[in-house]
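Visitor: Got input.pdb for you, PDB, C-alpha atoms and all ligand atoms:
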```
ATOM      1  CA  MET A   1     142.499  69.797  80.100  1.00  0.00           C
ATOM      2  CA  SER A   2     143.674  73.244  79.037  1.00  0.00           C
ATOM      3  CA  GLU A   3     142.482  76.372  80.806  1.00  0.00           C
ATOM      4  CA  PRO A   4     139.622  78.142  79.007  1.00  0.00           C
ATOM      5  CA  VAL A   5     140.579  81.259  77.084  1.00  0.00           C
ATOM      6  CA  TYR A   6     138.538  84.186  78.316  1.00  0.00           C
ATOM      7  CA  MET A   7     137.300  86.646  75.756  1.00  0.00           C
ATOM      8  CA  PRO A   8     136.768  90.399  76.107  1.00  0.00           C
ATOM      9  CA  LEU A   9     133.342  91.759  76.965  1.00  0.00           C
ATOM     10  CA  PRO A  10     131.541  92.767  73.741  1.00  0.00           C
ATOM     11  CA  PRO A  11     130.648  96.471  73.397  1.00  0.00           C
ATOM     12  CA  GLU A  12     126.922  95.813  73.846  1.00  0.00           C
ATOM     13  CA  LEU A  13     127.557  94.563  77.373  1.00  0.00           C
ATOM     14  CA  ARG A  14     129.914  97.366  78.477  1.00  0.00           C
ATOM     15  CA  GLY A  15     128.859 100.259  80.700  1.00  0.00           C
ATOM     16  CA  ASN A  16     126.557  99.534  83.605  1.00  0.00           C
ATOM     17  CA  PRO A  17     124.980  96.236  82.714  1.00  0.00           C
ATOM     18  CA  SER A  18     121.885  95.085  84.508  1.00  0.00           C
ATOM     19  CA  GLU A  19     122.054  92.097  86.827  1.00  0.00           C
ATOM     20  CA  ASP A  20     120.610  90.039  83.989  1.00  0.00           C
ATOM     21  CA  GLU A  21     123.341  91.181  81.594  1.00  0.00           C
ATOM     22  CA  MET A  22     126.065  90.593  84.192  1.00  0.00           C
ATOM     23  CA  TRP A  23     124.861  87.030  84.570  1.00  0.00           C
ATOM     24  CA  LEU A  24     125.043  86.513  80.820  1.00  0.00           C
ATOM     25  CA  LYS A  25     128.537  88.033  80.672  1.00  0.00           C
ATOM     26  CA  ARG A  26     129.752  85.576  83.320  1.00  0.00           C
ATOM     27  CA  GLU A  27     128.273  82.645  81.421  1.00  0.00           C
ATOM     28  CA  LEU A  28     129.743  83.804  78.114  1.00  0.00           C
ATOM     29  CA  ASP A  29     133.127  84.244  79.759  1.00  0.00           C
ATOM     30  CA  ARG A  30     132.994  80.583  80.750  1.00  0.00           C
ATOM     31  CA  ILE A  31     132.647  79.416  77.154  1.00  0.00           C
ATOM     32  CA  ASP A  32     135.821  77.673  76.154  1.00  0.00           C
ATOM     33  CA  PRO A  33     136.543  78.538  72.515  1.00  0.00           C
ATOM     34  CA  ALA A  34     138.833  75.506  72.192  1.00  0.00           C
ATOM     35  CA  ARG A  35     136.028  73.023  72.656  1.00  0.00           C
ATOM     36  CA  ASN A  36     134.530  71.671  69.475  1.00  0.00           C
ATOM     37  CA  GLU A  37     132.335  68.722  70.426  1.00  0.00           C
ATOM     38  CA  MET A  38     129.160  70.680  69.709  1.00  0.00           C
ATOM     39  CA  GLY A  39     130.194  71.730  66.243  1.00  0.00           C
ATOM     40  CA  ASN A  40     132.053  74.826  67.372  1.00  0.00           C
ATOM     41  CA  ALA A  41     135.243  74.939  65.321  1.00  0.00           C
ATOM     42  CA  GLY A  42     137.080  76.904  67.972  1.00  0.00           C
ATOM     43  CA  ASP A  43     135.665  80.280  66.998  1.00  0.00           C
ATOM     44  CA  GLY A  44     134.635  81.539  70.413  1.00  0.00           C
ATOM     45  CA  GLU A  45     133.693  84.988  69.152  1.00  0.00           C
ATOM     46  CA  ALA A  46     131.247  83.500  66.658  1.00  0.00           C
ATOM     47  CA  LEU A  47     129.726  81.347  69.378  1.00  0.00           C
ATOM     48  CA  ARG A  48     129.422  84.333  71.665  1.00  0.00           C
ATOM     49  CA  LYS A  49     127.694  86.340  68.918  1.00  0.00           C
ATOM     50  CA  LEU A  50     125.352  83.446  68.241  1.00  0.00           C
ATOM     51  CA  VAL A  51     124.376  83.220  71.910  1.00  0.00           C
ATOM     52  CA  LEU A  52     123.687  86.961  72.104  1.00  0.00           C
ATOM     53  CA  GLU A  53     121.590  86.957  68.935  1.00  0.00           C
ATOM     54  CA  MET A  54     119.815  83.780  69.884  1.00  0.00           C
ATOM     55  CA  ARG A  55     118.977  85.192  73.291  1.00  0.00           C
ATOM     56  CA  GLY A  56     116.945  88.018  71.782  1.00  0.00           C
ATOM     57  CA  ASP A  57     115.172  85.768  69.281  1.00  0.00           C
ATOM     58  CA  VAL A  58     114.378  83.007  71.778  1.00  0.00           C
ATOM     59  CA  LYS A  59     113.168  85.443  74.431  1.00  0.00           C
ATOM     60  CA  HIS A  60     110.869  87.063  71.869  1.00  0.00           C
ATOM     61  CA  ALA A  61     109.622  83.706  70.585  1.00  0.00           C
ATOM     62  CA  GLY A  62     108.819  82.684  74.148  1.00  0.00           C
ATOM     63  CA  GLN A  63     106.798  85.831  74.714  1.00  0.00           C
ATOM     64  CA  VAL A  64     104.855  85.222  71.495  1.00  0.00           C
ATOM     65  CA  LEU A  65     104.107  81.647  72.559  1.00  0.00           C
ATOM     66  CA  GLN A  66     103.063  82.708  76.066  1.00  0.00           C
ATOM     67  CA  ASP A  67     100.772  85.381  74.678  1.00  0.00           C
ATOM     68  CA  ALA A  68      99.242  82.959  72.168  1.00  0.00           C
ATOM     69  CA  CYS A  69      98.827  79.968  74.482  1.00  0.00           C
ATOM     70  CA  TYR A  70      97.804  81.754  77.677  1.00  0.00           C
ATOM     71  CA  GLY A  71      95.732  84.287  75.737  1.00  0.00           C
ATOM     72  CA  ALA A  72      93.734  81.528  74.067  1.00  0.00           C
ATOM     73  CA  SER A  73      93.133  79.509  77.224  1.00  0.00           C
ATOM     74  CA  PHE A  74      92.273  82.578  79.313  1.00  0.00           C
ATOM     75  CA  ALA A  75      89.800  83.739  76.660  1.00  0.00           C
ATOM     76  CA  ALA A  76      88.263  80.258  76.657  1.00  0.00           C
ATOM     77  CA  GLY A  77      87.729  80.482  80.423  1.00  0.00           C
ATOM     78  CA  TRP A  78      90.195  77.819  81.577  1.00  0.00           C
ATOM     79  CA  TRP A  79      91.650  80.050  84.306  1.00  0.00           C
ATOM     80  CA  VAL A  80      88.354  80.833  86.032  1.00  0.00           C
ATOM     81  CA  ASN A  81      86.133  78.404  87.917  1.00  0.00           C
ATOM     82  CA  PRO A  82      82.913  78.429  85.857  1.00  0.00           C
ATOM     83  CA  LYS A  83      80.734  77.716  88.910  1.00  0.00           C
ATOM     84  CA  THR A  84      82.187  80.216  91.385  1.00  0.00           C
ATOM     85  CA  GLY A  85      84.004  82.702  89.154  1.00  0.00           C
ATOM     86  CA  ALA A  86      87.138  82.243  91.298  1.00  0.00           C
ATOM     87  CA  ASP A  87      90.587  82.598  89.783  1.00  0.00           C
ATOM     88  CA  MET A  88      92.019  79.074  89.434  1.00  0.00           C
ATOM     89  CA  ARG A  89      95.368  80.354  90.744  1.00  0.00           C
ATOM     90  CA  ASP A  90      93.767  80.988  94.149  1.00  0.00           C
ATOM     91  CA  ASN A  91      94.094  77.233  94.670  1.00  0.00           C
ATOM     92  CA  PRO A  92      97.662  76.557  95.850  1.00  0.00           C
ATOM     93  CA  MET A  93      97.541  73.188  94.063  1.00  0.00           C
ATOM     94  CA  CYS A  94      96.743  74.831  90.717  1.00  0.00           C
ATOM     95  CA  PHE A  95     100.334  74.926  89.472  1.00  0.00           C
ATOM     96  CA  SER A  96     101.036  71.282  90.274  1.00  0.00           C
ATOM     97  CA  GLN A  97      97.730  70.176  88.759  1.00  0.00           C
ATOM     98  CA  LYS A  98      98.591  71.956  85.537  1.00  0.00           C
ATOM     99  CA  LEU A  99     101.982  70.207  85.576  1.00  0.00           C
ATOM    100  CA  CYS A 100     100.147  66.867  85.662  1.00  0.00           C
ATOM    101  CA  LEU A 101      98.284  67.835  82.498  1.00  0.00           C
ATOM    102  CA  ILE A 102     101.670  68.452  80.851  1.00  0.00           C
ATOM    103  CA  HIS A 103     102.798  64.959  81.941  1.00  0.00           C
ATOM    104  CA  SER A 104      99.704  63.488  80.327  1.00  0.00           C
ATOM    105  CA  GLU A 105     100.521  65.038  76.948  1.00  0.00           C
ATOM    106  CA  ILE A 106     104.054  63.609  77.100  1.00  0.00           C
ATOM    107  CA  SER A 107     102.607  60.176  77.879  1.00  0.00           C
ATOM    108  CA  GLU A 108     100.275  60.478  74.903  1.00  0.00           C
ATOM    109  CA  ALA A 109     103.296  61.312  72.703  1.00  0.00           C
ATOM    110  CA  MET A 110     104.997  58.172  73.991  1.00  0.00           C
ATOM    111  CA  GLU A 111     101.957  56.044  73.084  1.00  0.00           C
ATOM    112  CA  GLY A 112     101.835  57.596  69.628  1.00  0.00           C
ATOM    113  CA  ASP A 113     105.490  56.800  69.089  1.00  0.00           C
ATOM    114  CA  ARG A 114     105.181  53.275  70.505  1.00  0.00           C
ATOM    115  CA  LYS A 115     102.309  52.387  68.178  1.00  0.00           C
ATOM    116  CA  SER A 116     103.389  54.544  65.182  1.00  0.00           C
ATOM    117  CA  LEU A 117      99.990  56.260  65.249  1.00  0.00           C
ATOM    118  CA  MET A 118      98.788  59.250  63.296  1.00  0.00           C
ATOM    119  CA  ASP A 119      96.958  61.887  65.292  1.00  0.00           C
ATOM    120  CA  ASP A 120      93.156  61.586  65.428  1.00  0.00           C
ATOM    121  CA  LYS A 121      92.509  65.348  65.408  1.00  0.00           C
ATOM    122  CA  LEU A 122      95.201  66.323  62.880  1.00  0.00           C
ATOM    123  CA  PRO A 123      95.267  63.070  60.868  1.00  0.00           C
ATOM    124  CA  HIS A 124      97.921  64.356  58.465  1.00  0.00           C
ATOM    125  CA  ARG A 125     100.424  64.561  61.358  1.00  0.00           C
ATOM    126  CA  PRO A 126     102.040  61.904  63.571  1.00  0.00           C
ATOM    127  CA  MET A 127     100.427  61.660  66.986  1.00  0.00           C
ATOM    128  CA  ARG A 128     103.765  62.118  68.760  1.00  0.00           C
ATOM    129  CA  GLU A 129     104.257  65.452  67.004  1.00  0.00           C
ATOM    130  CA  VAL A 130     100.797  66.752  67.913  1.00  0.00           C
ATOM    131  CA  GLU A 131     101.062  65.584  71.524  1.00  0.00           C
ATOM    132  CA  LEU A 132     104.413  67.354  71.863  1.00  0.00           C
ATOM    133  CA  ALA A 133     102.648  70.461  70.547  1.00  0.00           C
ATOM    134  CA  ASP A 134      99.960  69.955  73.216  1.00  0.00           C
ATOM    135  CA  ALA A 135     102.642  69.748  75.895  1.00  0.00           C
ATOM    136  CA  VAL A 136     104.330  72.945  74.676  1.00  0.00           C
ATOM    137  CA  ILE A 137     100.962  74.734  74.482  1.00  0.00           C
ATOM    138  CA  ARG A 138     100.233  73.756  78.090  1.00  0.00           C
ATOM    139  CA  ILE A 139     103.736  74.765  79.236  1.00  0.00           C
ATOM    140  CA  PHE A 140     103.498  78.225  77.676  1.00  0.00           C
ATOM    141  CA  ASP A 141      99.930  78.616  78.948  1.00  0.00           C
ATOM    142  CA  LEU A 142     101.145  77.875  82.474  1.00  0.00           C
ATOM    143  CA  ALA A 143     104.131  80.193  82.146  1.00  0.00           C
ATOM    144  CA  GLY A 144     101.877  82.973  80.884  1.00  0.00           C
ATOM    145  CA  ALA A 145      99.358  82.488  83.674  1.00  0.00           C
ATOM    146  CA  TYR A 146     102.073  82.831  86.307  1.00  0.00           C
ATOM    147  CA  GLY A 147     103.808  85.788  84.632  1.00  0.00           C
ATOM    148  CA  MET A 148     107.009  83.945  83.825  1.00  0.00           C
ATOM    149  CA  ASP A 149     109.653  84.831  81.232  1.00  0.00           C
ATOM    150  CA  LEU A 150     110.033  81.326  79.833  1.00  0.00           C
ATOM    151  CA  GLY A 151     111.683  82.458  76.596  1.00  0.00           C
ATOM    152  CA  GLY A 152     114.305  84.385  78.561  1.00  0.00           C
ATOM    153  CA  ALA A 153     114.900  81.390  80.824  1.00  0.00           C
ATOM    154  CA  ILE A 154     115.297  79.074  77.816  1.00  0.00           C
ATOM    155  CA  ALA A 155     117.789  81.432  76.166  1.00  0.00           C
ATOM    156  CA  GLU A 156     119.815  81.743  79.369  1.00  0.00           C
ATOM    157  CA  LYS A 157     119.792  77.988  79.980  1.00  0.00           C
ATOM    158  CA  LEU A 158     120.963  77.360  76.411  1.00  0.00           C
ATOM    159  CA  ALA A 159     123.803  79.826  77.007  1.00  0.00           C
ATOM    160  CA  PHE A 160     124.636  78.150  80.302  1.00  0.00           C
ATOM    161  CA  ASN A 161     124.620  74.729  78.629  1.00  0.00           C
ATOM    162  CA  GLN A 162     127.205  75.994  76.138  1.00  0.00           C
ATOM    163  CA  SER A 163     129.563  76.709  79.000  1.00  0.00           C
ATOM    164  CA  ARG A 164     128.907  73.998  81.568  1.00  0.00           C
ATOM    165  CA  PRO A 165     131.988  71.894  82.248  1.00  0.00           C
ATOM    166  CA  ASP A 166     130.054  68.664  82.880  1.00  0.00           C
ATOM    167  CA  HIS A 167     128.813  68.703  79.260  1.00  0.00           C
ATOM    168  CA  LYS A 168     132.283  68.809  77.753  1.00  0.00           C
ATOM    169  CA  LEU A 169     133.335  65.668  75.949  1.00  0.00           C
ATOM    170  CA  ALA A 170     136.264  64.998  78.298  1.00  0.00           C
ATOM    171  CA  ALA A 171     133.971  65.212  81.341  1.00  0.00           C
ATOM    172  CA  ARG A 172     131.373  62.999  79.697  1.00  0.00           C
ATOM    173  CA  MET A 173     134.003  60.360  78.901  1.00  0.00           C
ATOM    174  CA  ALA A 174     135.475  60.430  82.444  1.00  0.00           C
ATOM    175  CA  ASP A 175     134.417  58.033  85.223  1.00  0.00           C
ATOM    176  CA  GLY A 176     131.020  59.116  86.501  1.00  0.00           C
ATOM    177  CA  GLY A 177     130.443  61.378  83.486  1.00  0.00           C
ATOM    178  CA  LYS A 178     127.006  61.780  81.963  1.00  0.00           C
ATOM    179  CA  ALA A 179     126.326  58.924  79.532  1.00  0.00           C
ATOM    180  CA  TYR A 180     123.457  60.804  77.844  1.00  0.00           C
TER     181      TYR A 180
HETATM  182 MG    MG A 201      96.887  65.699  73.711  1.00  0.00          MG
END
```
Can the structure in the file be given as structure tokens, please?

Guide:
Amino acid sequence: MSEPVYMPLPPELRGNPSEDEMWLKRELDRIDPARNEMGNAGDGEALRKLVLEMRGDVKHAGQVLQDACYGASFAAGWWVNPKTGADMRDNPMCFSQKLCLIHSEISEAMEGDRKSLMDDKLPHRPMREVELADAVIRIFDLAGAYGMDLGGAIAEKLAFNQSRPDHKLAARMADGGKAY
């Protein structure tokens, strides 16, 4: 396998970048412009620009989703114990219990797919689509409740995935490579 070709730092990342920006620069520097198995025709600069633009859009979209999902559930009282008035997050098991609710939505999506069902609450949509929406709503609600930056994390993970060596076609085809 040929050595990756490193590209110059774009002007928007020059100067005194924050720790966050330095991380992104390192990840972008790892992108091999010669790889093309993900539709990249070898234009590393275009890919780099796409990642930078996408990062801003995805981070913003994540914040909108967190505000919408957490805002709605907080307003509806799901983060306060209705009997005691206690903040649900005071319970150390709160996070893991909320994760279980996310699992349940994924399982419902699987049932909808298995039986080719339409959703009972939005009957014009497939059940698997609506249950995936439920899972995403719960995920962004949870992220909002715990003050996370899920959109930023998604954007950075997408950038990382563009550069990770174990996702390159040659690595996937090698012994012990990821089959899927
Ligand atoms: Mg559901």

Visitor: Could you give me, as a VMD selection string, every polymer residue with an atom at most 8 Å away from an atom of ligand MG 201 (chain A), counting all atoms listed in the file?

Guide: chain A and resid 104 to 105 108 to 109 130 to 132 134 to 135

Visitor: Expand the PyMOL selection byres (((chain A and resi 128) around 12) and not hetatm) into the individual residues it matches in the shown file, reporting them as a PyMOL selection string.

Guide: chain A and resi 105-120+122-123+125-127+129-135

Visitor: Work out how far apart atom CA of Gly176 of chain A and atom CA of Leu24 of chain A are and give it in Å to one decimal.

Guide: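 These two atoms are separated by 28.6 Å.
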
Visitor: Enter the distance from atom CA of Gly152 of chain A to atom CA of Val58 of chain A, in Å, rounded to one decimal.

Guide: 6.9 Å

Visitor: For the structure shown, which residues end up in the PyMOL selection byres (((chain A and resi 179) around 12) and not hetatm)? Put them as a count of residues only, please?

Guide: 14

Visitor: Would you work out the distance separating atom CA of Asp67 of chain A from atom CA of Phe140 of chain A, expressed in Å to one decimal?

Guide: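 Separation of atom CA of Asp67 of chain A and atom CA of Phe140 of chain A: 8.2 Å.
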
Visitor: Report the residues retrieved by the PyMOL selection byres (((chain A and resi 77-86) around 12) and not hetatm) from the displayed file, expressed as a list in words.

Guide: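 This file, filtered by the PyMOL selection byres (((chain A and resi 77-86) around 12) and not hetatm), leaves Cys69, Tyr70, Gly71, Ala72, Ser73, Phe74, Ala75, Ala76, Asp87, Met88, Arg89, Asp90, Asn91, Cys94, Phe95, Lys98, Arg138, Asp141, Leu142, Gly144, Ala145 and Tyr146 of chain A.
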
Visitor: Nearest to Ala68 of chain A: which of A:Val136, A:Ala153, A:Met93, A:Leu158 is it, counting only C-alpha atoms?

Guide: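 The answer is A:Val136, which sits nearest to Ala68 of chain A.
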
Visitor: Which residue out of A:Lys25, A:Gln97, A:Ile137, A:Leu150 has the minimum interatomic distance to Leu52 of chain A when all atoms listed in the file are used?

Guide: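 Nearest candidate to Leu52 of chain A out of A:Lys25, A:Gln97, A:Ile137, A:Leu150: A:Lys25.
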
Visitor: Using all atoms listed in the file for the distances, tell me which of A:Trp23, A:Ile139, A:Glu53, A:Lys59 is nearest to Ile154 of chain A.

Guide: A:Lys59
